[in-house]
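Trainee: Sharing input.cif (mmCIF, C-alpha atoms) below.
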```cif
data_start
#
loop_
_atom_site.label_atom_id
_atom_site.label_comp_id
_atom_site.auth_asym_id
_atom_site.auth_seq_id
_atom_site.Cartn_x
_atom_site.Cartn_y
_atom_site.Cartn_z
CA MET U 5 15.25 58.73 13.40
CA SER U 6 13.08 57.11 10.78
CA SER U 7 12.59 58.01 7.16
CA PRO U 8 9.21 58.20 5.42
CA THR U 9 8.32 55.29 3.15
CA ALA U 10 6.76 55.54 -0.30
CA ASN U 11 3.32 54.88 1.18
CA SER U 12 3.75 57.27 4.08
CA PRO U 13 1.61 60.45 4.24
CA LEU U 14 4.84 62.37 4.80
CA ARG U 15 5.85 64.17 1.62
CA SER U 16 8.58 66.54 0.48
CA GLY U 17 8.22 69.90 -1.17
CA MET U 18 8.94 73.57 -0.59
CA GLU U 19 6.33 75.35 -2.72
CA THR U 20 4.75 77.30 0.17
CA PRO U 21 5.80 78.12 3.73
CA PRO U 22 4.92 75.21 6.03
CA THR U 23 2.29 75.59 8.73
CA PRO U 24 2.57 73.87 12.13
CA HIS U 25 -0.53 72.06 13.38
CA PRO U 26 -1.48 69.08 15.61
CA ILE U 27 -0.66 65.55 14.45
CA SER U 28 -3.53 63.68 12.82
CA ASP U 29 -4.30 60.05 13.59
CA GLU U 30 -3.24 59.06 10.06
CA VAL U 31 0.21 60.61 10.46
CA LEU U 32 0.60 59.24 13.98
CA ARG U 33 -0.13 55.71 12.74
CA ALA U 34 2.41 56.16 9.94
CA VAL U 35 5.02 57.32 12.47
CA TYR U 36 4.31 54.32 14.69
CA ALA U 37 4.50 51.85 11.80
CA SER U 38 7.82 53.19 10.51
CA ASP U 39 9.31 53.23 14.01
CA GLN U 40 8.26 49.66 14.70
CA GLU U 41 9.71 48.48 11.40
CA MET U 42 13.04 50.12 12.11
CA TYR U 43 13.22 49.77 15.88
CA PRO U 44 10.77 47.28 17.47
CA ALA U 45 11.45 48.24 21.08
CA GLY U 46 8.11 47.20 22.55
CA LEU U 47 6.24 50.51 22.50
CA SER U 48 2.47 50.10 22.18
CA TYR U 49 0.40 52.40 19.98
CA ASP U 50 -1.80 53.20 22.98
CA ARG U 51 1.24 54.45 24.89
CA LEU U 52 2.27 56.65 21.95
CA CYS U 53 -1.26 58.07 21.77
CA SER U 54 -1.22 58.78 25.51
CA TRP U 55 1.91 60.90 25.10
CA VAL U 56 0.34 62.98 22.34
CA ALA U 57 -2.98 63.35 24.18
CA ALA U 58 -1.30 64.43 27.43
CA CYS U 59 0.54 67.33 25.80
CA PRO U 60 -0.65 67.83 22.20
CA GLU U 61 1.18 71.12 21.77
CA MET U 62 4.49 69.22 21.91
CA SER U 63 3.52 66.94 18.99
CA ILE U 64 3.55 68.95 15.78
CA CYS U 65 3.16 68.49 12.01
CA TRP U 66 4.26 70.94 9.34
CA SER U 67 2.37 71.00 6.06
CA SER U 68 1.56 73.12 3.03
CA PRO U 69 -1.57 73.10 0.85
CA LYS U 70 0.23 71.71 -2.21
CA THR U 71 2.46 69.06 -0.68
CA GLY U 72 0.67 67.90 2.46
CA VAL U 73 2.68 66.95 5.54
CA LEU U 74 6.34 67.96 5.31
CA GLY U 75 7.60 66.85 8.70
CA VAL U 76 6.70 65.83 12.21
CA VAL U 77 8.13 66.03 15.70
CA ILE U 78 6.92 64.32 18.89
CA VAL U 79 8.40 65.58 22.15
CA LEU U 80 7.81 64.23 25.65
CA PRO U 81 7.95 66.93 28.35
CA MET U 82 9.12 65.06 31.43
CA LEU U 83 9.55 66.09 35.04
CA ARG U 84 13.25 66.30 35.71
CA GLU U 85 13.56 63.34 38.08
CA TYR U 86 12.12 60.98 35.45
CA TRP U 87 13.98 62.65 32.60
CA GLU U 88 17.31 62.17 34.38
CA ASP U 89 16.49 58.46 34.78
CA LEU U 90 15.71 58.24 31.06
CA LEU U 91 19.08 59.78 30.16
CA VAL U 92 21.03 56.95 31.80
CA GLY U 93 18.70 54.05 31.02
CA LYS U 94 17.11 53.59 34.43
CA LEU U 95 13.86 54.39 32.64
CA LYS U 96 13.22 53.14 29.08
CA GLU U 97 11.19 55.05 26.47
CA PRO U 98 8.26 52.57 26.43
CA GLY U 99 8.01 52.97 30.22
CA VAL U 100 7.35 56.72 30.12
CA ASP U 101 3.96 57.26 31.78
CA ALA U 102 2.49 60.61 30.76
CA GLU U 103 0.03 60.74 33.64
CA LEU U 104 2.79 60.31 36.20
CA MET U 105 5.86 61.78 34.51
CA PHE U 106 4.59 64.80 32.54
CA PRO U 107 4.04 68.19 34.21
CA HIS U 108 0.32 68.81 34.66
CA ASP U 109 -1.76 71.82 35.65
CA ASN U 110 -3.35 69.88 38.50
CA LYS U 111 0.10 69.37 40.04
CA LYS U 112 0.81 73.08 39.72
CA LYS U 113 -2.55 73.98 41.28
CA GLN U 114 -1.85 71.60 44.14
CA LEU U 115 1.50 73.26 44.73
CA GLU U 116 -0.11 76.69 44.56
CA SER U 117 -2.76 75.76 47.13
CA GLN U 118 -0.09 74.37 49.43
CA SER U 119 1.88 77.59 48.98
CA VAL U 120 -1.13 79.74 49.87
CA VAL U 121 -1.74 77.75 53.06
CA ALA U 122 1.94 77.84 54.00
CA GLY U 123 2.14 81.57 53.27
CA ALA U 124 -0.93 82.31 55.38
CA ARG U 125 0.57 80.40 58.28
CA GLN U 126 3.84 82.30 58.00
CA ILE U 127 2.05 85.65 57.96
CA GLY U 128 -0.05 84.58 60.93
CA ASN U 129 3.10 83.65 62.80
CA GLY U 130 4.74 86.94 61.93
CA ARG U 131 7.46 85.28 59.84
CA VAL U 132 6.66 87.18 56.64
CA SER U 133 6.29 90.93 56.80
CA ASN U 134 5.24 91.42 53.18
CA GLY U 135 2.78 88.84 51.88
CA ARG U 136 3.15 89.95 48.28
CA SER U 137 6.92 89.59 48.08
CA GLY U 138 6.74 86.25 49.86
CA GLY U 139 4.17 85.02 47.36
CA MET U 140 6.30 86.15 44.42
CA GLN U 141 9.30 84.27 45.79
CA GLU U 142 7.24 81.13 46.31
CA GLU U 143 5.80 81.34 42.79
CA LYS U 144 9.31 81.53 41.38
CA GLU U 145 10.42 78.50 43.38
CA GLU U 146 7.40 76.43 42.36
CA ARG U 147 8.27 76.22 38.67
CA GLN U 148 8.52 72.60 37.62
CA GLU U 149 11.85 71.58 36.08
CA VAL U 150 11.17 69.88 32.75
CA GLY U 151 13.34 67.96 30.29
CA LEU U 152 12.15 67.77 26.68
CA HIS U 153 12.73 64.32 25.17
CA VAL U 154 12.54 64.24 21.38
CA TYR U 155 10.93 60.87 20.74
CA HIS U 156 10.54 61.30 16.98
CA ILE U 157 11.62 63.84 14.39
CA GLU U 158 11.20 63.08 10.71
CA ARG U 159 11.85 64.88 7.45
CA LEU U 160 12.42 63.49 3.94
CA ALA U 161 15.82 64.80 2.80
CA VAL U 162 15.88 65.88 -0.85
CA GLU U 163 18.48 68.61 -1.17
CA PRO U 164 20.93 70.42 1.13
CA PRO U 165 19.82 73.73 2.67
CA THR U 166 20.82 77.08 1.26
CA ALA U 167 22.31 79.87 3.34
CA LYS U 168 18.86 81.41 3.80
CA GLN U 169 17.10 78.21 4.77
CA LYS U 170 16.95 76.38 8.06
CA ARG U 171 17.03 72.62 8.32
CA PHE U 172 13.82 70.97 9.43
CA SER U 173 15.42 69.86 12.70
CA GLU U 174 16.18 73.47 13.58
CA ILE U 175 12.64 74.61 12.78
CA ALA U 176 11.12 71.75 14.79
CA ILE U 177 13.35 72.13 17.86
CA GLU U 178 12.94 75.89 17.86
CA GLU U 179 9.16 75.54 17.78
CA VAL U 180 8.90 73.04 20.64
CA THR U 181 11.37 74.94 22.84
CA ARG U 182 9.47 78.19 22.18
CA ARG U 183 6.20 76.55 23.17
CA ALA U 184 7.77 75.01 26.27
CA ALA U 185 9.26 78.36 27.31
CA GLU U 186 5.79 79.91 27.11
CA LYS U 187 4.28 77.28 29.42
CA LYS U 188 3.63 78.94 32.75
CA GLY U 189 5.22 76.99 35.57
CA TRP U 190 7.76 75.15 33.38
CA LYS U 191 11.50 75.57 33.65
CA VAL U 192 13.15 73.73 30.75
CA VAL U 193 16.49 72.30 31.87
CA GLY U 194 17.48 70.48 28.68
CA LEU U 195 16.59 68.35 25.69
CA SER U 196 17.38 64.75 24.85
CA ALA U 197 16.97 62.23 22.04
CA LEU U 198 17.61 58.52 21.58
CA THR U 199 19.24 58.55 18.14
CA ALA U 200 18.73 55.40 16.08
CA THR U 201 20.23 56.20 12.66
CA ASP U 202 23.45 57.75 11.37
CA GLY U 203 21.45 60.69 10.05
CA GLY U 204 19.80 61.25 13.41
CA LYS U 205 23.12 61.08 15.21
CA ARG U 206 24.63 63.66 12.86
CA THR U 207 21.59 65.92 13.26
CA PHE U 208 21.71 66.07 17.04
CA GLN U 209 25.49 66.28 17.11
CA ARG U 210 25.21 69.34 14.87
CA LEU U 211 22.70 70.83 17.34
CA GLY U 212 25.17 70.43 20.19
CA PHE U 213 23.83 67.27 21.84
CA LYS U 214 26.30 65.00 23.67
CA ASN U 215 26.18 61.26 24.35
CA THR U 216 25.19 60.27 27.89
CA GLY U 217 26.81 56.82 27.61
CA TYR U 218 23.51 54.92 27.53
CA ARG U 219 22.97 52.76 24.44
CA GLU U 220 20.41 50.24 23.22
CA LEU U 221 21.55 47.50 20.85
CA PHE U 222 19.99 44.80 18.71
CA VAL U 223 22.55 41.99 18.40
CA THR U 224 22.54 38.53 16.86
CA LYS U 225 21.95 35.62 19.20
CA ALA U 226 24.85 33.24 19.79
CA ILE U 227 23.30 30.07 18.28
CA ARG U 228 25.46 26.95 18.25
CA ARG U 229 24.72 24.44 15.47
CA PRO U 230 26.25 20.97 15.04
CA SER U 231 28.57 20.30 12.13
CA TYR U 232 27.14 18.19 9.30
CA ALA U 233 30.27 18.06 7.15
CA ALA U 234 30.26 14.26 7.26
CA ILE U 235 26.55 13.91 6.50
CA GLY U 236 25.26 13.11 3.01
CA ILE U 237 28.09 10.98 1.63
CA GLY U 238 27.20 9.55 -1.78
CA ASN U 239 25.24 10.64 -4.83
CA ASN U 240 22.17 11.74 -2.88
CA PRO U 241 23.40 13.80 0.03
CA SER U 242 20.81 14.67 2.62
CA ILE U 243 20.83 17.07 5.50
CA PRO U 244 18.53 16.53 8.44
CA GLU U 245 15.64 18.98 8.54
CA GLU U 246 16.71 20.28 11.94
CA ALA U 247 20.09 21.24 10.47
CA ALA U 248 18.63 23.84 8.12
CA ASP U 249 19.61 27.42 8.83
CA GLU U 250 17.25 29.11 11.24
CA PRO U 251 16.07 32.70 10.75
CA GLU U 252 18.43 35.12 12.42
CA GLU U 253 17.20 35.94 15.92
CA LEU U 254 18.07 39.13 17.72
CA ASP U 255 18.56 40.09 21.33
CA MET U 256 18.03 43.60 22.67
CA LEU U 257 20.85 44.59 25.01
CA TYR U 258 21.50 47.71 27.05
CA ILE U 259 24.82 49.41 27.73
CA TYR U 260 24.75 51.82 30.68
CA PRO U 261 27.17 54.71 31.31
CA GLU U 262 28.97 52.76 34.03
CA ASP U 263 29.54 49.80 31.68
CA GLY U 264 31.90 51.77 29.48
CA ALA U 265 33.65 53.54 32.33
CA GLY U 266 36.44 50.95 32.38
CA GLY U 267 37.28 51.46 28.72
CA LYS U 268 35.67 48.22 27.54
CA SER U 269 34.71 47.91 23.89
CA VAL U 270 31.18 47.09 22.74
CA SER U 271 32.35 43.59 21.75
CA GLU U 272 33.70 42.96 25.24
CA ILE U 273 30.45 44.11 26.81
CA ILE U 274 28.05 42.14 24.59
CA GLY U 275 30.27 39.08 24.15
CA TYR U 276 32.49 38.09 21.24
CA GLY U 277 30.93 36.31 18.28
CA ARG U 278 27.81 38.46 18.27
CA THR U 279 27.08 41.07 15.62
CA VAL U 280 25.57 44.47 16.35
CA VAL U 281 22.68 44.97 13.92
CA SER U 282 21.70 48.44 15.18
CA MET U 283 22.67 50.71 18.05
CA SER U 284 20.81 53.71 19.46
CA GLU U 285 22.56 56.30 21.60
CA MET U 286 21.01 58.62 24.18
CA THR U 287 22.05 62.22 23.69
CA VAL U 288 21.40 65.35 25.73
CA LYS U 289 21.79 69.10 25.59
CA ARG U 290 21.44 70.78 28.96
CA ILE U 291 20.33 74.38 29.29
CA SER U 292 22.14 76.53 31.81
CA GLN U 293 20.45 79.21 33.88
CA GLU U 294 22.46 81.84 32.00
CA GLU U 295 21.16 80.57 28.64
CA GLN U 296 17.59 80.70 29.92
CA GLN U 297 18.03 84.30 31.02
CA GLU U 298 19.62 85.30 27.69
CA ASP U 299 16.75 83.97 25.56
CA GLN U 300 13.56 83.09 27.38
CA SER U 301 11.69 82.47 24.12
CA ASN U 302 14.18 79.93 22.83
CA PRO U 303 16.80 78.73 25.31
CA LEU U 304 18.21 76.00 23.04
CA MET U 305 18.73 77.52 19.62
CA SER U 306 20.99 80.57 19.44
CA SER U 307 20.80 82.99 16.52
CA ASN U 308 23.04 82.15 13.59
CA GLY U 309 23.23 85.77 12.53
CA ASN U 310 22.13 85.25 8.93
CA GLY U 311 18.65 86.74 9.31
CA CYS U 312 16.85 83.53 8.37
CA ALA U 313 13.21 83.89 7.47
CA PHE U 314 10.79 81.05 8.15
CA SER U 315 12.05 79.07 5.16
CA LEU U 316 12.35 75.31 5.47
CA SER U 317 15.06 73.40 3.66
CA SER U 318 14.51 69.83 2.59
CA SER U 319 17.14 68.41 4.94
CA ILE U 320 16.55 67.22 8.46
#
```
Now that the file is in, can you turn its structure into structure tokens?

Mentor:
Amino acid sequence: MSSPTANSPLRSGMETPPTPHPISDEVLRAVYASDQEMYPAGLSYDRLCSWVAACPEMSICWSSPKTGVLGVVIVLPMLREYWEDLLVGKLKEPGVDAELMFPHDNKKKQLESQSVVAGARQIGNGRVSNGRSGGMQEEKEERQEVGLHVYHIERLAVEPPTAKQKRFSEIAIEEVTRRAAEKKGWKVVGLSALTATDGGKRTFQRLGFKNTGYRELFVTKAIRRPSYAAIGIGNNPSIPEEAADEPEELDMLYIYPEDGAGGKSVSEIIGYGRTVVSMSEMTVKRISQEEQQEDQSNPLMSSNGNGCAFSLSSSI
């Protein structure tokens, strides 16, 4: 989770109810710049743009006339087989290919055409007595299972929420899950997020997300330097130029669920003598079939019973 900078177009303020709308190029570039500064994981701007273009309704800004943009969320709707790989690190975020891994209408139409042909053959062979009921069953089975990966969610925290206000994270997640539930042919099976900051980890923990065991770390390199304690004896000590301290270099390492299965610590896995500069953790909240049936409009967020209006607090 990144925080807006002083020069970012993201601003705080609660003067008027926020309005959701598509992400502008200006905001998207600000999101990309802040993410790269905090977490340079090799994602290209073109790849980020391809995600937004492939499913723009899952990338949303909230703004008000007086304060401008209040918050932003970018969610990647992924076919389940690829989403499951992402959860355990077999697939990395920069490798998510929207054309291949997002659900698309053309895939649904292809499945529908195959279903029509198969249904016609069954009727012709006398295997289906009622074409309508058979078609309804096939339509139900053809829904694509989709996992919603929250790539970015950002809100400038100013003050804690009141009892009648929802946090921005709740508003954002509710909106994307509502939109996903309304997509014909989608069956949302869960949500995930790769949390990069303490605030982000607390946010998704509060929403009921659990760690999958996959982590991404930036750690210091193990650089061995010679000792120059005996160099520079006399009134004009000198240290060879090559002995000067080098800028700290970092390695990006991955810890997979099976790595921690034996109870090893992070230090044992990455090697002693190296310092963890930052660590991101993959989290997930799966949606059961019962939860989907209870609330088709919003299978993730259950009612908190306080009758909240659409009022946005200034916390994430």

Trainee: Could you tell me which of U:Ser282, U:Gln148, U:Thr71, U:Thr287 comes closest to Gly212 of chain U if we count all atoms listed in the file?

Mentor: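 The closest residue to Gly212 of chain U is U:Thr287.
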
Trainee: For Leu91 of chain U, which residue out of U:Ile27, U:Met283, U:Ile273, U:Leu152 is the nearest one, using all atoms listed in the file?

Mentor: U:Leu152

Trainee: If we count only C-alpha atoms, what is near segment 34-36 of chain U at a cut-off of 8 Å, once residues fewer than 2 positions away on the same chain are taken out, given as a PyMOL selection string?

Mentor: chain U and resi 12-13+30-32+38-40+49+52

Trainee: Do a neighbour search on Asp202 of chain U at 10 Å with all atoms listed in the file, toss out local chain neighbours closer than 4 positions, and write the hits as a ChimeraX atom specification.

Mentor: /U:5,206-207,283-284

Trainee: Counting all atoms listed in the file, figure out which residue out of U:His108, U:Lys96, U:Lys289, U:His25 gets nearest to Ser196 of chain U.

Mentor: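 Nearest to Ser196 of chain U: U:Lys289.
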
Trainee: Write out as a PyMOL selection string which residues come within 12 Å of Ala57 of chain U when counting all atoms listed in the file, dropping same-chain ones fewer than 6 positions away.

Mentor: chain U and resi 26-29+32+50-51+63+78-80+101-103+106

Trainee: Could you list the residues chosen by the PyMOL selection byres ((chain U and resi 150) around 7) in this structure as a ChimeraX atom specification?

Mentor: /U:81-84,148-149,151-152,190-193

Trainee: With all atoms listed in the file as the atoms that count, which of U:Ile274, U:Leu257, U:Met62, U:Val280 lies nearest to Gly93 of chain U?

Mentor: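 Comparing U:Ile274, U:Leu257, U:Met62, U:Val280 against Gly93 of chain U, the winner is U:Leu257.
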
Trainee: Work out how far atom CA of Glu88 of chain U is from atom CA of Trp55 of chain U, in Å to one decimal.

Mentor: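 Between atom CA of Trp55 of chain U and atom CA of Glu88 of chain U the gap is 18.0 Å.
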
Trainee: With only C-alpha atoms as the basis for distance, which of U:Pro107, U:Gly266, U:Pro261, U:Gly203 is at the shortest distance from Gly189 of chain U?

Mentor: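 Of the candidates, the smallest distance to Gly189 of chain U is held by U:Pro107.
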
Trainee: Using all atoms listed in the file, can you tell me which of U:Arg183, U:Ser68, U:Met256, U:Val76 comes closest to Ala45 of chain U?

Mentor: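 Among the listed residues, the smallest separation from Ala45 of chain U belongs to U:Met256.
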
Trainee: Please compute the atom CA of Ala200 of chain U-atom CA of Lys170 of chain U distance, one decimal, in Å.

Mentor: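 Between atom CA of Ala200 of chain U and atom CA of Lys170 of chain U the gap is 22.5 Å.
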